[in-house]
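Inspection log for the structure reproduced underneath, given as structure tokens.
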There are 2 protein chains.
Amino acid sequence: MNTPIETSPPPPPRSEHDHQKCVSEAIGTAEHLCVVRGVQLTPIRHQVLELIWESHKAVKAYELLDRLKPLQSAAKPATIYRALDFLIEQGLIHRVESLNAFVGCSSSGHQHEQLLLICKHCNEVEERPATEVMQALSQELDQAGFIVHSKAIEIHGICIKCVALCNEQD
Amino acid sequence: MNTPIETSPPPPPRSEHDHQKCVSEAIGTAEHLCVVRGVQLTPIRHQVLELIWESHKAVKAYELLDRLKPLQSAAKPATIYRALDFLIEQGLIHRVESLNAFVGCSSSGHQHEQLLLICKHCNEVEERPATEVMQALSQELDQAGFIVHSKAIEIHGICIKCVALCNEQD
DNA sequence: AAATCGGATGTTATATTATAACTCCCGTTA
DNA sequence: TAACGGGAGTTATAATATAACATCCGATTT
Ligand SMILES: [Zn+2]
Ligand SMILES: [Zn+2]
Ligand SMILES: [Zn+2]
Ligand SMILES: [Zn+2]
């Protein structure tokens, strides 16, 4: 209880940006990729993707379930997990391993394995290509003789927006 | 069911090395660090650390619990999770986020945040300092203005020992 | 010695996350 | 029509993790 910010209720939203643009880009790309690939972005899958894209925050499976139920009254855990599995397979969302949570992928269709910067304060997840890191990593893994299947690079801390807000705590 | 190896029962142990040395180093370092830090490596914590160090594989909490019970008949989930929390706080083990599992830390007392190379075939976890990757990462995070609290860098694939064994599957 | 305190553990219950297994439906195709 | 396959419905349960409160025990203080 050092500072008032510590107990302030709503973590700040990613303020200064046109989030509708994020959403329409992500959904548009998803629809396009699914057509191209001949896989079905069914109503449930589409709705789950939209729910995930309501923010840049990592979101839990059961929270998604609660938010899906008004739209799909029959929704059960399997409903959500199947949709999530599909979206992950198609590279449309990321699973945030260290949170058991999920976040929209900002680069679907391009390279999918990126740095995830996870803010403890606002809970938003920023994706970064970080090509130099990835290059050094590839070299390291080659040297180790390790055959890569997948990478999870997750950094926890305070994002630049929140650093500005909370300078003496957390 | 392509090859006989696919269904072969025991994944190969890290064959060519003196594992007793790994264990005694890790336990010795842990004991030393706890004395220096004035924290208690109690019998339960010591036993859990030893159980984790029985191999280089990532091990699940409830598997540890089963293996602890013969030694500590009162052991319950909280017993294990408390010991794991302590060992993680002290930097003596890693939590493998993408597996919900735990593995001994090979560099306790030195830098603790390293690459984890996780083999899908033998389930062993190799830790690598990867200084060039870490350096590039620090730069990237500085550029992003992100204040780091912790890092989880987990690479899944096939380790060099297993690559030699299974060349046409998985 | 008695009181107090804090860290560790015991104990019970429950929350959270995830999957298995089986059924049904529906559109395509042989 | 029959067979098939993908998606979804449904029920049950597995696996992972924490909360909350009680007890113990050794060290410190009174
Ligand atoms: Zn946005
Ligand atoms: Zn933030
Ligand atoms: Zn060893
Ligand atoms: Zn291996």
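Every chain in the structure tokens takes a letter, A first, then B, and so on in the order presented; its residues are numbered from 1, and the ligands are numbered from 1 following the presented order.
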
request  = Could you list the residues in chain C lying within 12 Å of chain A, using only C-alpha atoms (C1' of nucleotides), and format the result as a PyMOL selection string?
outcome  = chain C and resi 16-20

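Neighbouring residues of ligand 2 at a cut-off of 6 Å, counting only C-alpha atoms (C1' of nucleotides) and all ligand atoms, are Cys119, His121, Cys122, Glu124, Ile158, Cys159, Lys161 and Cys162 of chain A.
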
ask   = Would you name the residues within 9 Å of ligand 3, counting only C-alpha atoms (C1' of nucleotides) and all ligand atoms, and put them as a list in words?
value = Arg14, Ser15, His17, Asp18, His19, Gln20, Lys21, Cys22, Val23, Trp53, Glu54, Ser55 and His56 of chain B

With only C-alpha atoms (C1' of nucleotides) counted and 9 Å as the cut-off, give the residues of chain D in contact with chain A, each with its shortest interatomic distance in Å and the pair that gives it, as CSV.
residue,atom,partner,partner_atom,distance
D:DG7,C1',A:Thr42,CA,8.7
D:DA8,C1',A:Thr79,CA,7.7
D:DG9,C1',A:Ala74,CA,7.3
D:DT10,C1',A:Lys76,CA,8.8

Filtering to C-alpha atoms (C1' of nucleotides), could you give me those residues as an mmCIF file, in the first residue's frame?
data_model
loop_
_atom_site.group_PDB
_atom_site.id
_atom_site.type_symbol
_atom_site.label_atom_id
_atom_site.label_comp_id
_atom_site.auth_asym_id
_atom_site.auth_seq_id
_atom_site.Cartn_x
_atom_site.Cartn_y
_atom_site.Cartn_z
ATOM 1 C "C1'" DG D 7 -17.461 -30.507 -36.574
ATOM 2 C "C1'" DA D 8 -20.000 -30.150 -32.574
ATOM 3 C "C1'" DG D 9 -22.832 -31.910 -28.336
ATOM 4 C "C1'" DT D 10 -22.488 -34.248 -24.019
#

Which residues of chain B are close to chain A, meaning at most 7 Å apart when you count only C-alpha atoms, and how do they look as an mmCIF file with N, CA and C atoms, in the first residue's frame?
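And here's selection21.cif as it stands now:
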data_model
loop_
_atom_site.group_PDB
_atom_site.id
_atom_site.type_symbol
_atom_site.label_atom_id
_atom_site.label_comp_id
_atom_site.auth_asym_id
_atom_site.auth_seq_id
_atom_site.Cartn_x
_atom_site.Cartn_y
_atom_site.Cartn_z
ATOM 1 N N GLU B 97 7.758 -23.926 -18.200
ATOM 2 C CA GLU B 97 6.394 -23.400 -18.331
ATOM 3 C C GLU B 97 5.573 -24.171 -19.348
ATOM 4 N N SER B 98 6.223 -24.528 -20.438
ATOM 5 C CA SER B 98 5.462 -25.137 -21.523
ATOM 6 C C SER B 98 5.150 -26.604 -21.271
ATOM 7 N N ALA B 130 23.931 -19.418 -23.699
ATOM 8 C CA ALA B 130 23.648 -18.718 -24.962
ATOM 9 C C ALA B 130 23.826 -17.218 -24.821
ATOM 10 N N GLU B 132 25.175 -14.958 -26.574
ATOM 11 C CA GLU B 132 24.900 -14.061 -27.707
ATOM 12 C C GLU B 132 23.404 -13.840 -27.873
ATOM 13 N N VAL B 133 22.644 -14.895 -27.666
ATOM 14 C CA VAL B 133 21.191 -14.752 -27.724
ATOM 15 C C VAL B 133 20.731 -13.791 -26.630
ATOM 16 N N ALA B 136 21.558 -10.172 -27.461
ATOM 17 C CA ALA B 136 20.639 -9.631 -28.470
ATOM 18 C C ALA B 136 19.274 -9.382 -27.839
ATOM 19 N N LEU B 137 18.894 -10.269 -26.956
ATOM 20 C CA LEU B 137 17.599 -10.138 -26.292
ATOM 21 C C LEU B 137 17.560 -8.893 -25.406
ATOM 22 N N GLU B 140 17.173 -5.896 -27.541
ATOM 23 C CA GLU B 140 15.803 -5.816 -28.060
ATOM 24 C C GLU B 140 14.852 -5.276 -26.990
ATOM 25 N N GLY B 145 11.824 -0.697 -24.491
ATOM 26 C CA GLY B 145 11.529 0.011 -23.249
ATOM 27 C C GLY B 145 10.828 -0.876 -22.240
ATOM 28 N N PHE B 146 11.108 -2.162 -22.337
ATOM 29 C CA PHE B 146 10.417 -3.130 -21.500
ATOM 30 C C PHE B 146 11.294 -3.474 -20.294
ATOM 31 N N ILE B 147 10.713 -3.366 -19.082
ATOM 32 C CA ILE B 147 11.454 -3.690 -17.861
ATOM 33 C C ILE B 147 11.264 -5.162 -17.542
ATOM 34 N N VAL B 148 12.346 -5.924 -17.621
ATOM 35 C CA VAL B 148 12.234 -7.385 -17.493
ATOM 36 C C VAL B 148 12.185 -7.823 -16.037
ATOM 37 N N HIS B 149 11.261 -8.701 -15.736
ATOM 38 C CA HIS B 149 11.246 -9.371 -14.432
ATOM 39 C C HIS B 149 11.745 -10.808 -14.555
ATOM 40 N N SER B 150 11.303 -11.478 -15.583
ATOM 41 C CA SER B 150 11.777 -12.855 -15.781
ATOM 42 C C SER B 150 11.621 -13.274 -17.231
ATOM 43 N N LYS B 151 12.391 -14.287 -17.586
ATOM 44 C CA LYS B 151 12.392 -14.767 -18.971
ATOM 45 C C LYS B 151 12.147 -16.268 -18.986
ATOM 46 N N ALA B 152 11.364 -16.698 -19.942
ATOM 47 C CA ALA B 152 11.208 -18.141 -20.171
ATOM 48 C C ALA B 152 11.470 -18.384 -21.650
ATOM 49 N N ILE B 153 12.581 -19.043 -21.917
ATOM 50 C CA ILE B 153 12.954 -19.302 -23.312
ATOM 51 C C ILE B 153 13.046 -20.803 -23.478
ATOM 52 N N GLU B 154 12.025 -21.363 -24.080
ATOM 53 C CA GLU B 154 11.904 -22.816 -24.114
ATOM 54 C C GLU B 154 11.762 -23.296 -25.546
ATOM 55 N N ILE B 155 12.728 -24.132 -25.933
ATOM 56 C CA ILE B 155 12.768 -24.633 -27.304
ATOM 57 C C ILE B 155 12.434 -26.119 -27.272
ATOM 58 N N HIS B 156 11.438 -26.493 -28.040
ATOM 59 C CA HIS B 156 11.055 -27.906 -28.118
ATOM 60 C C HIS B 156 11.571 -28.512 -29.410
ATOM 61 N N GLY B 157 12.035 -29.739 -29.313
ATOM 62 C CA GLY B 157 12.526 -30.408 -30.505
ATOM 63 C C GLY B 157 13.197 -31.712 -30.126
ATOM 64 N N ILE B 158 14.213 -32.063 -30.923
ATOM 65 C CA ILE B 158 14.908 -33.328 -30.709
ATOM 66 C C ILE B 158 16.373 -33.032 -30.416
ATOM 67 N N CYS B 159 16.841 -33.565 -29.309
ATOM 68 C CA CYS B 159 18.214 -33.287 -28.908
ATOM 69 C C CYS B 159 19.196 -34.085 -29.760
ATOM 70 N N ILE B 160 20.438 -33.710 -29.658
ATOM 71 C CA ILE B 160 21.442 -34.276 -30.560
ATOM 72 C C ILE B 160 21.611 -35.780 -30.356
#

inquiry  = Once chain B is fitted to chain A on all Cα atoms paired one-to-one in order, how large is the remaining RMSD?
reply    = 0.1 Å

request  = Name the residues of chain A that come out as alpha helix (DSSP H) in a backbone DSSP run; write them as a PyMOL selection string.
outcome  = chain A and resi 4-7+19-37+43-52+61-68+77-89+131-144+160-165

inquiry  = For a quick check of understanding, using only C-alpha atoms and all ligand atoms, which of A:Pro70, A:Gly104, A:Pro43, A:Gly28 has the smallest distance to ligand 1?
reply    = A:Gly104

inquiry  = For C:DT29, find every residue with an atom within 10 Å (counting only C-alpha atoms (C1' of nucleotides)), except residues of its own chain fewer than 2 positions away, and show them as JSON, numbers by chain.
reply    = {"C": [27], "D": [3, 4]}

Taking C-alpha atoms (C1' of nucleotides) for each residue, export the selection above as a PDB file, in the first residue's frame.
ATOM      1  C1'  DG C  27     -22.598 -32.572 -46.317  1.00  0.00           C
TER       2       DG C  27
ATOM      3  C1'  DA D   3     -20.144 -45.012 -46.154  1.00  0.00           C
ATOM      4  C1'  DC D   4     -17.241 -41.526 -44.683  1.00  0.00           C
TER       5       DC D   4
END

task = Can you list, as a PyMOL selection string, all residues belonging to stretch 35-160 of chain A that DSSP tags as strand (DSSP E)?
result = chain A and resi 93-96+101-104+115-119+125-128+147-158

Go ahead and save the residues from that selection, with N, CA and C atoms, as a short mmCIF file (atom, residue, chain, number, x, y, z; two decimals), in the first residue's frame.
data_model
loop_
_atom_site.label_atom_id
_atom_site.label_comp_id
_atom_site.auth_asym_id
_atom_site.auth_seq_id
_atom_site.Cartn_x
_atom_site.Cartn_y
_atom_site.Cartn_z
N ILE A 93 -3.55 -17.65 -33.37
CA ILE A 93 -3.37 -17.18 -31.99
C ILE A 93 -2.10 -17.83 -31.42
N HIS A 94 -1.63 -17.25 -30.34
CA HIS A 94 -0.54 -17.84 -29.56
C HIS A 94 -1.08 -18.38 -28.25
N ARG A 95 -0.53 -19.50 -27.86
CA ARG A 95 -0.72 -19.93 -26.49
C ARG A 95 0.41 -19.32 -25.67
N VAL A 96 0.08 -18.62 -24.59
CA VAL A 96 1.12 -18.06 -23.72
C VAL A 96 1.38 -19.11 -22.63
N ALA A 101 -2.64 -19.19 -21.08
CA ALA A 101 -3.60 -18.24 -21.63
C ALA A 101 -3.31 -18.06 -23.12
N PHE A 102 -4.13 -17.23 -23.76
CA PHE A 102 -4.10 -17.15 -25.21
C PHE A 102 -4.19 -15.69 -25.64
N VAL A 103 -3.58 -15.42 -26.79
CA VAL A 103 -3.58 -14.05 -27.28
C VAL A 103 -3.57 -14.10 -28.80
N GLY A 104 -4.19 -13.13 -29.44
CA GLY A 104 -4.21 -13.10 -30.89
C GLY A 104 -2.82 -12.95 -31.46
N LEU A 115 9.09 -13.14 -30.13
CA LEU A 115 9.15 -12.80 -28.71
C LEU A 115 7.77 -12.37 -28.24
N LEU A 116 7.38 -12.83 -27.07
CA LEU A 116 6.18 -12.30 -26.45
C LEU A 116 6.59 -11.51 -25.21
N LEU A 117 6.24 -10.23 -25.21
CA LEU A 117 6.51 -9.37 -24.06
C LEU A 117 5.22 -9.24 -23.27
N ILE A 118 5.24 -9.75 -22.08
CA ILE A 118 4.01 -9.90 -21.29
C ILE A 118 4.06 -8.94 -20.11
N CYS A 119 3.14 -7.98 -20.12
CA CYS A 119 3.18 -6.97 -19.06
C CYS A 119 2.40 -7.44 -17.84
N VAL A 125 0.02 -8.35 -24.17
CA VAL A 125 1.12 -9.11 -24.74
C VAL A 125 1.52 -8.47 -26.05
N GLU A 126 2.79 -8.10 -26.12
CA GLU A 126 3.29 -7.55 -27.38
C GLU A 126 4.18 -8.57 -28.05
N GLU A 127 3.98 -8.69 -29.36
CA GLU A 127 4.73 -9.63 -30.16
C GLU A 127 5.83 -8.86 -30.89
N ARG A 128 7.02 -9.42 -30.87
CA ARG A 128 8.11 -8.75 -31.60
C ARG A 128 8.90 -9.77 -32.41
N ILE A 147 17.27 -30.15 -33.14
CA ILE A 147 16.27 -29.99 -34.21
C ILE A 147 15.02 -29.34 -33.62
N VAL A 148 14.75 -28.12 -34.04
CA VAL A 148 13.67 -27.34 -33.42
C VAL A 148 12.31 -27.73 -33.98
N HIS A 149 11.36 -27.93 -33.11
CA HIS A 149 9.97 -28.08 -33.52
C HIS A 149 9.17 -26.80 -33.23
N SER A 150 9.41 -26.25 -32.05
CA SER A 150 8.70 -25.00 -31.72
C SER A 150 9.45 -24.24 -30.65
N LYS A 151 9.16 -22.96 -30.60
CA LYS A 151 9.85 -22.08 -29.65
C LYS A 151 8.82 -21.31 -28.83
N ALA A 152 9.11 -21.15 -27.57
CA ALA A 152 8.29 -20.26 -26.73
C ALA A 152 9.25 -19.32 -26.02
N ILE A 153 9.18 -18.06 -26.40
CA ILE A 153 10.09 -17.07 -25.81
C ILE A 153 9.23 -16.02 -25.15
N GLU A 154 9.14 -16.09 -23.85
CA GLU A 154 8.17 -15.27 -23.14
C GLU A 154 8.87 -14.46 -22.06
N ILE A 155 8.76 -13.14 -22.20
CA ILE A 155 9.43 -12.23 -21.28
C ILE A 155 8.36 -11.55 -20.43
N HIS A 156 8.51 -11.66 -19.12
CA HIS A 156 7.58 -11.01 -18.21
C HIS A 156 8.20 -9.76 -17.64
N GLY A 157 7.37 -8.74 -17.51
CA GLY A 157 7.88 -7.50 -16.94
C GLY A 157 6.84 -6.40 -17.07
N ILE A 158 7.34 -5.18 -17.25
CA ILE A 158 6.45 -4.02 -17.35
C ILE A 158 6.66 -3.36 -18.70
#

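Near D:DA19, within 10 Å and counting only C-alpha atoms (C1' of nucleotides), sit DA13, DT14 and DA15 of chain C, not including residues fewer than 3 positions from it in the same chain.
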
Could you save the residues just selected, with all heavy atoms, as a PDB file, in the first residue's frame?
ATOM      1  P    DA C  13     -12.818 -32.202   4.250  1.00  0.00           P
ATOM      2  OP1  DA C  13     -14.055 -32.301   5.023  1.00  0.00           O
ATOM      3  OP2  DA C  13     -12.292 -33.340   3.471  1.00  0.00           O
ATOM      4  O5'  DA C  13     -12.932 -30.970   3.242  1.00  0.00           O
ATOM      5  C5'  DA C  13     -12.826 -29.647   3.755  1.00  0.00           C
ATOM      6  C4'  DA C  13     -12.622 -28.691   2.595  1.00  0.00           C
ATOM      7  O4'  DA C  13     -11.251 -28.759   2.139  1.00  0.00           O
ATOM      8  C3'  DA C  13     -13.489 -29.003   1.366  1.00  0.00           C
ATOM      9  O3'  DA C  13     -14.375 -27.911   1.175  1.00  0.00           O
ATOM     10  C2'  DA C  13     -12.498 -29.195   0.228  1.00  0.00           C
ATOM     11  C1'  DA C  13     -11.230 -28.527   0.753  1.00  0.00           C
ATOM     12  N9   DA C  13      -9.974 -29.094   0.234  1.00  0.00           N
ATOM     13  C8   DA C  13      -9.553 -30.392   0.284  1.00  0.00           C
ATOM     14  N7   DA C  13      -8.366 -30.590  -0.269  1.00  0.00           N
ATOM     15  C5   DA C  13      -7.989 -29.332  -0.704  1.00  0.00           C
ATOM     16  C6   DA C  13      -6.835 -28.859  -1.361  1.00  0.00           C
ATOM     17  N6   DA C  13      -5.811 -29.649  -1.716  1.00  0.00           N
ATOM     18  N1   DA C  13      -6.780 -27.539  -1.648  1.00  0.00           N
ATOM     19  C2   DA C  13      -7.813 -26.756  -1.278  1.00  0.00           C
ATOM     20  N3   DA C  13      -8.946 -27.076  -0.658  1.00  0.00           N
ATOM     21  C4   DA C  13      -8.961 -28.393  -0.392  1.00  0.00           C
ATOM     22  P    DT C  14     -15.397 -27.966  -0.058  1.00  0.00           P
ATOM     23  OP1  DT C  14     -16.498 -27.084   0.332  1.00  0.00           O
ATOM     24  OP2  DT C  14     -15.626 -29.356  -0.530  1.00  0.00           O
ATOM     25  O5'  DT C  14     -14.580 -27.200  -1.199  1.00  0.00           O
ATOM     26  C5'  DT C  14     -13.883 -25.993  -0.853  1.00  0.00           C
ATOM     27  C4'  DT C  14     -13.072 -25.540  -2.032  1.00  0.00           C
ATOM     28  O4'  DT C  14     -11.877 -26.341  -2.190  1.00  0.00           O
ATOM     29  C3'  DT C  14     -13.821 -25.627  -3.364  1.00  0.00           C
ATOM     30  O3'  DT C  14     -13.739 -24.345  -3.936  1.00  0.00           O
ATOM     31  C2'  DT C  14     -13.053 -26.671  -4.159  1.00  0.00           C
ATOM     32  C1'  DT C  14     -11.656 -26.517  -3.566  1.00  0.00           C
ATOM     33  N1   DT C  14     -10.730 -27.671  -3.742  1.00  0.00           N
ATOM     34  C2   DT C  14      -9.471 -27.414  -4.237  1.00  0.00           C
ATOM     35  O2   DT C  14      -9.098 -26.291  -4.535  1.00  0.00           O
ATOM     36  N3   DT C  14      -8.661 -28.510  -4.372  1.00  0.00           N
ATOM     37  C4   DT C  14      -8.977 -29.816  -4.056  1.00  0.00           C
ATOM     38  O4   DT C  14      -8.164 -30.711  -4.215  1.00  0.00           O
ATOM     39  C5   DT C  14     -10.317 -30.021  -3.530  1.00  0.00           C
ATOM     40  C7   DT C  14     -10.751 -31.402  -3.156  1.00  0.00           C
ATOM     41  C6   DT C  14     -11.110 -28.949  -3.402  1.00  0.00           C
ATOM     42  P    DA C  15     -14.573 -23.934  -5.204  1.00  0.00           P
ATOM     43  OP1  DA C  15     -15.512 -22.898  -4.742  1.00  0.00           O
ATOM     44  OP2  DA C  15     -15.060 -25.105  -5.963  1.00  0.00           O
ATOM     45  O5'  DA C  15     -13.433 -23.225  -6.059  1.00  0.00           O
ATOM     46  C5'  DA C  15     -12.410 -22.507  -5.370  1.00  0.00           C
ATOM     47  C4'  DA C  15     -11.258 -22.282  -6.321  1.00  0.00           C
ATOM     48  O4'  DA C  15     -10.447 -23.476  -6.407  1.00  0.00           O
ATOM     49  C3'  DA C  15     -11.715 -21.976  -7.737  1.00  0.00           C
ATOM     50  O3'  DA C  15     -10.883 -20.920  -8.219  1.00  0.00           O
ATOM     51  C2'  DA C  15     -11.497 -23.290  -8.489  1.00  0.00           C
ATOM     52  C1'  DA C  15     -10.312 -23.875  -7.753  1.00  0.00           C
ATOM     53  N9   DA C  15     -10.235 -25.343  -7.724  1.00  0.00           N
ATOM     54  C8   DA C  15     -11.151 -26.228  -7.241  1.00  0.00           C
ATOM     55  N7   DA C  15     -10.781 -27.499  -7.333  1.00  0.00           N
ATOM     56  C5   DA C  15      -9.534 -27.422  -7.917  1.00  0.00           C
ATOM     57  C6   DA C  15      -8.607 -28.423  -8.287  1.00  0.00           C
ATOM     58  N6   DA C  15      -8.802 -29.723  -8.115  1.00  0.00           N
ATOM     59  N1   DA C  15      -7.456 -28.008  -8.853  1.00  0.00           N
ATOM     60  C2   DA C  15      -7.253 -26.694  -9.023  1.00  0.00           C
ATOM     61  N3   DA C  15      -8.044 -25.676  -8.719  1.00  0.00           N
ATOM     62  C4   DA C  15      -9.181 -26.113  -8.153  1.00  0.00           C
TER      63       DA C  15
END
